[in-house]
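What's in structure-v2.txt: compact mmCIF, C-alpha atoms
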# COMPACT_ATOMS: atom_id res chain seq x y z
CA MET Q 1 141.30 113.87 99.34
CA SER Q 2 141.61 111.41 96.45
CA THR Q 3 138.99 108.74 95.91
CA GLN Q 4 139.44 105.05 95.24
CA PRO Q 5 137.59 103.05 92.55
CA ASN Q 6 134.06 102.10 93.57
CA GLN Q 7 134.21 104.52 96.48
CA VAL Q 8 130.72 105.63 97.42
CA PHE Q 9 129.75 108.85 99.15
CA LEU Q 10 126.36 108.44 100.74
CA ARG Q 11 124.14 111.18 102.04
CA PRO Q 12 120.96 110.91 104.08
CA ARG Q 13 117.89 110.65 101.88
CA ALA Q 14 116.42 114.01 100.96
CA LYS Q 15 112.89 112.87 101.71
CA ALA Q 16 112.71 111.90 105.34
CA THR Q 17 110.23 109.21 106.31
CA GLY Q 18 110.12 110.02 110.00
CA PRO Q 19 112.14 111.29 112.97
CA VAL Q 20 115.87 110.81 112.65
CA PRO Q 21 117.03 108.08 115.09
CA GLY Q 22 119.21 109.59 117.76
CA GLY Q 23 117.34 112.84 118.01
CA ASP Q 24 119.53 115.90 117.64
CA CYS Q 25 122.79 113.98 118.05
CA THR Q 26 125.15 114.08 115.10
CA ASP Q 27 126.81 110.95 113.81
CA ALA Q 28 130.11 112.02 115.38
CA GLU Q 29 128.43 112.53 118.76
CA LEU Q 30 126.83 109.10 118.62
CA VAL Q 31 130.12 107.51 117.60
CA LYS Q 32 131.87 109.17 120.55
CA GLN Q 33 129.22 107.91 122.95
CA VAL Q 34 129.60 104.38 121.65
CA LEU Q 35 133.38 104.58 121.96
CA ASP Q 36 132.90 105.85 125.53
CA GLY Q 37 131.06 102.62 126.35
CA ASN Q 38 127.43 103.50 125.61
CA ASP Q 39 126.79 100.63 123.19
CA GLU Q 40 123.05 101.33 123.11
CA LYS Q 41 123.76 104.42 121.01
CA PHE Q 42 124.98 102.17 118.21
CA GLU Q 43 121.34 101.25 117.63
CA PHE Q 44 120.63 104.88 116.69
CA LEU Q 45 123.33 104.73 114.05
CA MET Q 46 122.01 101.45 112.68
CA ARG Q 47 118.44 102.68 112.47
CA ARG Q 48 119.61 105.92 110.90
CA TYR Q 49 121.40 104.17 108.03
CA ASN Q 50 119.79 100.73 107.77
CA GLY Q 51 117.65 101.60 104.77
CA LEU Q 52 120.41 103.46 102.99
CA LEU Q 53 122.89 100.60 103.29
CA PHE Q 54 120.29 98.00 102.39
CA HIS Q 55 119.43 99.77 99.13
CA LEU Q 56 123.11 100.21 98.34
CA ALA Q 57 123.79 96.50 98.85
CA ARG Q 58 120.57 95.53 97.11
CA GLY Q 59 121.57 97.58 94.09
CA ILE Q 60 124.80 95.63 93.78
CA LEU Q 61 123.59 92.13 94.63
CA ARG Q 62 119.93 92.21 93.53
CA ASP Q 63 119.06 89.84 96.36
CA ASP Q 64 117.24 90.80 99.57
CA ALA Q 65 118.77 88.14 101.82
CA GLU Q 66 122.32 88.82 100.62
CA ALA Q 67 121.77 92.56 101.05
CA GLU Q 68 120.62 92.06 104.65
CA ASP Q 69 123.74 89.98 105.33
CA VAL Q 70 125.88 92.77 103.89
CA VAL Q 71 124.22 95.35 106.16
CA GLN Q 72 124.83 93.16 109.21
CA GLU Q 73 128.45 92.52 108.30
CA THR Q 74 128.93 96.22 107.65
CA TYR Q 75 127.79 97.10 111.16
CA ILE Q 76 129.90 94.38 112.73
CA ARG Q 77 132.98 95.64 110.89
CA ALA Q 78 132.09 99.27 111.62
CA TYR Q 79 131.64 98.59 115.34
CA THR Q 80 135.02 96.90 115.63
CA ARG Q 81 136.70 99.71 113.65
CA LEU Q 82 134.77 102.62 115.07
CA HIS Q 83 137.95 104.21 116.38
CA GLN Q 84 139.11 104.56 112.76
CA PHE Q 85 136.33 107.02 111.96
CA HIS Q 86 137.84 110.49 112.36
CA GLY Q 87 134.79 112.60 111.46
CA PRO Q 88 133.17 114.82 112.33
CA THR Q 89 131.30 114.36 109.02
CA GLY Q 90 131.25 111.59 106.46
CA PHE Q 91 130.02 108.73 108.62
CA PRO Q 92 127.51 107.45 106.01
CA SER Q 93 130.28 107.56 103.38
CA TRP Q 94 132.53 105.61 105.72
CA LEU Q 95 129.80 103.03 106.26
CA GLY Q 96 129.08 102.98 102.54
CA ARG Q 97 132.64 102.07 101.66
CA ILE Q 98 132.55 99.17 104.09
CA ALA Q 99 129.22 98.00 102.67
CA THR Q 100 130.41 98.40 99.10
CA ASN Q 101 133.54 96.35 99.72
CA GLU Q 102 131.51 93.64 101.41
CA ALA Q 103 128.85 93.63 98.68
CA TYR Q 104 131.34 93.50 95.83
CA GLY Q 105 133.23 90.75 97.57
CA ARG Q 106 130.03 88.72 97.71
CA PHE Q 107 129.24 89.69 94.13
CA ARG Q 108 132.59 88.34 92.92
CA ARG Q 109 132.04 85.10 94.82
CA PHE Q 110 128.53 84.88 93.39
CA SER Q 111 129.87 85.50 89.88
CA ARG Q 112 132.35 82.66 90.25
CA THR Q 113 129.54 80.40 91.44
CA GLU Q 114 127.42 81.38 88.46
CA GLN Q 115 130.32 80.63 86.13
CA LEU Q 116 130.61 77.21 87.73
CA LYS Q 117 126.89 76.64 87.26
CA GLU Q 118 127.17 77.71 83.64
CA SER Q 119 129.96 75.21 83.05
CA PHE Q 120 127.72 72.50 84.50
CA SER Q 121 124.84 73.63 82.31
CA ARG Q 122 126.88 72.76 79.22
CA GLN Q 123 126.93 69.13 80.36
CA PRO Q 124 124.13 66.62 79.66
CA ALA Q 125 120.96 67.21 81.62
CA VAL Q 126 121.52 64.16 83.80
CA ALA Q 127 124.57 65.89 85.31
CA MET Q 128 122.75 69.08 86.18
CA GLY Q 129 121.65 67.91 89.61
CA SER Q 130 120.75 70.79 91.92
CA PHE Q 131 121.28 73.33 89.17
CA SER Q 132 117.84 72.61 87.74
CA SER Q 133 115.67 75.66 87.10
CA GLU Q 134 113.11 74.20 89.48
CA GLY Q 135 113.59 75.46 93.01
CA PRO Q 136 112.39 77.92 95.64
CA ALA Q 137 112.88 80.89 93.31
CA GLY Q 138 111.03 79.19 90.43
CA PRO Q 139 107.45 80.17 91.36
CA GLU Q 140 108.48 83.73 92.25
CA LEU Q 141 110.34 84.16 88.97
CA SER Q 142 107.42 82.70 87.04
CA ALA Q 143 104.98 85.04 88.78
CA ALA Q 144 107.22 88.02 88.01
CA LYS Q 145 107.40 87.02 84.36
CA ARG Q 146 103.63 86.62 84.19
CA GLU Q 147 103.09 90.06 85.68
CA MET Q 148 105.59 91.61 83.28
CA ARG Q 149 103.88 89.89 80.37
CA ARG Q 150 100.47 91.17 81.50
CA LEU Q 151 101.90 94.68 81.83
CA LEU Q 152 103.35 94.50 78.33
CA GLU Q 153 100.13 93.09 76.90
CA ARG Q 154 98.08 95.88 78.47
CA SER Q 155 100.49 98.43 77.08
CA ILE Q 156 100.29 96.94 73.59
CA ASP Q 157 96.50 96.84 73.81
CA SER Q 158 96.45 100.55 74.58
CA LEU Q 159 98.24 101.50 71.36
CA PRO Q 160 96.21 103.21 68.62
CA ASP Q 161 94.79 100.60 66.25
CA PRO Q 162 97.08 101.23 63.23
CA TYR Q 163 100.18 101.16 65.40
CA ARG Q 164 99.07 98.14 67.39
CA VAL Q 165 98.45 96.03 64.31
CA VAL Q 166 101.85 96.85 62.87
CA PHE Q 167 103.52 96.17 66.19
CA MET Q 168 101.82 92.78 66.48
CA LEU Q 169 103.08 91.81 63.05
CA ARG Q 170 106.57 93.24 63.36
CA GLY Q 171 107.24 92.97 67.09
CA VAL Q 172 105.33 89.88 68.14
CA GLU Q 173 105.12 87.83 64.95
CA GLN Q 174 108.55 89.02 63.80
CA LEU Q 175 107.44 89.56 60.21
CA SER Q 176 109.70 91.55 57.92
CA VAL Q 177 108.74 95.04 56.80
CA ALA Q 178 107.82 93.68 53.38
CA GLU Q 179 105.71 90.88 54.85
CA ALA Q 180 103.84 93.21 57.20
CA ALA Q 181 103.23 95.68 54.39
CA ALA Q 182 101.86 92.92 52.19
CA CYS Q 183 99.53 91.67 54.94
CA LEU Q 184 98.11 95.13 55.55
CA ASN Q 185 98.29 96.31 51.95
CA ILE Q 186 100.18 99.45 52.90
CA LYS Q 187 103.51 100.89 51.90
CA GLN Q 188 106.67 99.59 53.52
CA ALA Q 189 107.54 103.13 54.57
CA THR Q 190 104.24 103.28 56.45
CA VAL Q 191 105.05 100.05 58.26
CA LYS Q 192 108.43 101.43 59.30
CA THR Q 193 106.89 104.69 60.55
CA ARG Q 194 104.08 103.03 62.50
CA PHE Q 195 106.37 100.45 64.05
CA HIS Q 196 108.80 103.15 65.14
CA ARG Q 197 106.02 105.24 66.68
CA ALA Q 198 104.49 102.19 68.37
CA ARG Q 199 107.79 101.42 70.06
CA LEU Q 200 108.12 105.03 71.22
CA LEU Q 201 104.61 104.96 72.69
CA LEU Q 202 105.29 101.64 74.45
CA ARG Q 203 108.54 102.95 75.86
CA LYS Q 204 106.79 106.01 77.27
CA LYS Q 205 103.97 103.95 78.74
CA LEU Q 206 106.29 101.42 80.34
CA GLN Q 207 108.48 104.23 81.64
CA HIS Q 208 105.39 105.74 83.24
CA TYR Q 209 104.68 102.44 85.02
CA VAL Q 210 108.30 102.30 86.20
CA ASP Q 211 108.29 105.90 87.42
CA THR Q 212 105.03 105.30 89.29
CA ALA Q 213 106.24 102.14 90.99
CA VAL Q 214 109.92 102.87 91.58
CA SER Q 215 109.39 104.76 94.85
CA ASP Q 216 107.85 101.60 96.34
CA ALA Q 217 110.54 99.26 95.06
CA PHE Q 218 112.57 97.17 97.53
CA PRO Q 219 110.73 98.40 100.64
CA PHE Q 220 112.74 98.47 103.83
CA ALA Q 221 110.07 97.48 106.32
CA GLY Q 222 110.26 98.06 110.06
CA ALA Q 223 110.51 94.33 110.71
CA ARG Q 224 113.62 94.06 108.56
CA CYS Q 225 115.18 97.04 110.32
CA ASP Q 226 114.41 95.54 113.74
CA ARG Q 227 115.78 92.16 112.68
CA ILE Q 228 119.11 93.62 111.57
CA VAL Q 229 119.46 95.61 114.79
CA LYS Q 230 118.74 92.55 116.93
CA THR Q 231 121.06 90.27 114.95
CA VAL Q 232 123.94 92.72 115.15
CA PHE Q 233 123.55 93.20 118.89
CA ASP Q 234 123.25 89.44 119.47
CA ARG Q 235 126.48 88.89 117.57
CA LEU Q 236 128.24 91.67 119.43
CA VAL Q 237 127.12 90.28 122.78
CA SER Q 238 128.20 86.77 121.75
CA SER Q 239 131.56 88.08 120.60
CA SER Q 240 132.21 90.02 123.81
CA GLY Q 241 131.24 87.02 125.92
CA SER Q 242 133.75 84.81 124.18
CA HIS Q 243 136.70 87.02 125.21

Here is a file; write its structure as C-alpha cells.
Amino acid sequence: MSTQPNQVFLRPRAKATGPVPGGDCTDAELVKQVLDGNDEKFEFLMRRYNGLLFHLARGILRDDAEAEDVVQETYIRAYTRLHQFHGPTGFPSWLGRIATNEAYGRFRRFSRTEQLKESFSRQPAVAMGSFSSEGPAGPELSAAKREMRRLLERSIDSLPDPYRVVFMLRGVEQLSVAEAAACLNIKQATVKTRFHRARLLLRKKLQHYVDTAVSDAFPFAGARCDRIVKTVFDRLVSSSGSH
C-alpha cells in the first residue's frame, strides 16, 4: 500500500508503563464492540493511545494545551468514522493519521498567526498592543531561560581550567583567536585547539543532561488522560442528544 506525505505509522510503546487498557482485547475487537453499540469500550481505546497521540501532537505543535485539543478532536473524528477502519491491525496508525492531519492543520493556522504577529512587530511599539512579550507565558519562558543558563554555566564551570579560560574568552566574550592568544600569552593554534575541545566537552555534557532528562519530558499524567476521556464522552453525549 502506498503512503502519503506526512503519513505516520504508530506502534505501541516498547516499554509498557502498566496494564494495557482493554485487557486481552485487540484494537479490532474493541472497535467492533463500539460499533455494536458498546460505547464504553471506546474508553479502552482512548486510554490505550492517549499518551501516544499526545506526544505525537506535542511534537508537532510544541504546546500542551493545543496537543490535548488535537487528541480530543482525533477521538471525536475517529468515533464518527469508526466504520471506516477496516483492520484488523493498524488502528494506532489510523488514529495517528487523523491526529497528524489535525495537528498540522493547527500548525498552519498557528504559523499564519505568527506571521501576522511578526508583521505587527515591524510597526512602532505603540501599535503592538496585545502582542507584547509580557503575558501569561512570560514568567514561564523566563524561568526556562534561567534554568538553561544555570545549566550552561555549571557545564562551563566543569571544564578543565585551560579549556574553560579559552572558552570564556572566545565563547562568552567573543574575542578573536588573536585577542585570546594575546591575553593568555599562548599560541593562536593553542587557542583554536582548546576552544574546539572545550566545545566538544560541553556538547557531551549537555547531551548527557538531555539523555538523562528526556525520558521524563512532556509527562502524560493520569489527570490529563482522565480529562481527555471525560471531555470526549461529554461531547459525544451532547452530540447524540442534539439529534

Of the candidates Q:Asp64, Q:Asp27, Q:Asp69, Q:Arg58, which shows the shortest atom-to-atom distance to Q:Ile228, using all atoms listed in the file? Q:Asp69

Compare Q:Glu68, Q:Leu82, Q:Ala198, Q:Asn38 by their minimum atom-to-atom distance to Q:Trp94, counting only C-alpha atoms, and give me the closest one. Q:Leu82

In terms of the shortest atom-to-atom distance over only C-alpha atoms, which of Q:Arg62, Q:Arg154, Q:Ala143, Q:Ile76 is closest to Q:Tyr104?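 The closest residue to Q:Tyr104 is Q:Arg62.
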
In terms of the shortest atom-to-atom distance over all atoms listed in the file, which of Q:Arg227, Q:Gly241, Q:Gly105, Q:Glu147 is closest to Q:Gln72? Q:Arg227

Pick from Q:Asp39, Q:Ala189, Q:Ala181, Q:Val31 nearest to Q:Phe233, counting only C-alpha atoms: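 For Q:Phe233, the nearest of the candidates is Q:Asp39.
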
So which residues touch Q:Leu45 within 12 Å, counting only C-alpha atoms, skipping near sequence neighbours fewer than 4 positions away, as a PDB file with C-alpha atoms, in the frame of the given file?
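selection-v6.pdb was written with the following content:
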ATOM      1  CA  PRO Q  12     120.960 110.910 104.080  1.00  0.00           C
ATOM      2  CA  VAL Q  20     115.870 110.810 112.650  1.00  0.00           C
ATOM      3  CA  PRO Q  21     117.030 108.080 115.090  1.00  0.00           C
ATOM      4  CA  GLY Q  22     119.210 109.590 117.760  1.00  0.00           C
ATOM      5  CA  GLY Q  23     117.340 112.840 118.010  1.00  0.00           C
ATOM      6  CA  CYS Q  25     122.790 113.980 118.050  1.00  0.00           C
ATOM      7  CA  THR Q  26     125.150 114.080 115.100  1.00  0.00           C
ATOM      8  CA  ASP Q  27     126.810 110.950 113.810  1.00  0.00           C
ATOM      9  CA  ALA Q  28     130.110 112.020 115.380  1.00  0.00           C
ATOM     10  CA  GLU Q  29     128.430 112.530 118.760  1.00  0.00           C
ATOM     11  CA  LEU Q  30     126.830 109.100 118.620  1.00  0.00           C
ATOM     12  CA  VAL Q  31     130.120 107.510 117.600  1.00  0.00           C
ATOM     13  CA  LYS Q  32     131.870 109.170 120.550  1.00  0.00           C
ATOM     14  CA  GLN Q  33     129.220 107.910 122.950  1.00  0.00           C
ATOM     15  CA  VAL Q  34     129.600 104.380 121.650  1.00  0.00           C
ATOM     16  CA  ASP Q  39     126.790 100.630 123.190  1.00  0.00           C
ATOM     17  CA  GLU Q  40     123.050 101.330 123.110  1.00  0.00           C
ATOM     18  CA  LYS Q  41     123.760 104.420 121.010  1.00  0.00           C
ATOM     19  CA  TYR Q  49     121.400 104.170 108.030  1.00  0.00           C
ATOM     20  CA  ASN Q  50     119.790 100.730 107.770  1.00  0.00           C
ATOM     21  CA  GLY Q  51     117.650 101.600 104.770  1.00  0.00           C
ATOM     22  CA  LEU Q  52     120.410 103.460 102.990  1.00  0.00           C
ATOM     23  CA  LEU Q  53     122.890 100.600 103.290  1.00  0.00           C
ATOM     24  CA  TYR Q  75     127.790  97.100 111.160  1.00  0.00           C
ATOM     25  CA  ALA Q  78     132.090  99.270 111.620  1.00  0.00           C
ATOM     26  CA  TYR Q  79     131.640  98.590 115.340  1.00  0.00           C
ATOM     27  CA  LEU Q  82     134.770 102.620 115.070  1.00  0.00           C
ATOM     28  CA  PHE Q  91     130.020 108.730 108.620  1.00  0.00           C
ATOM     29  CA  PRO Q  92     127.510 107.450 106.010  1.00  0.00           C
ATOM     30  CA  LEU Q  95     129.800 103.030 106.260  1.00  0.00           C
ATOM     31  CA  CYS Q 225     115.180  97.040 110.320  1.00  0.00           C
ATOM     32  CA  VAL Q 229     119.460  95.610 114.790  1.00  0.00           C
TER      33      VAL Q 229
END
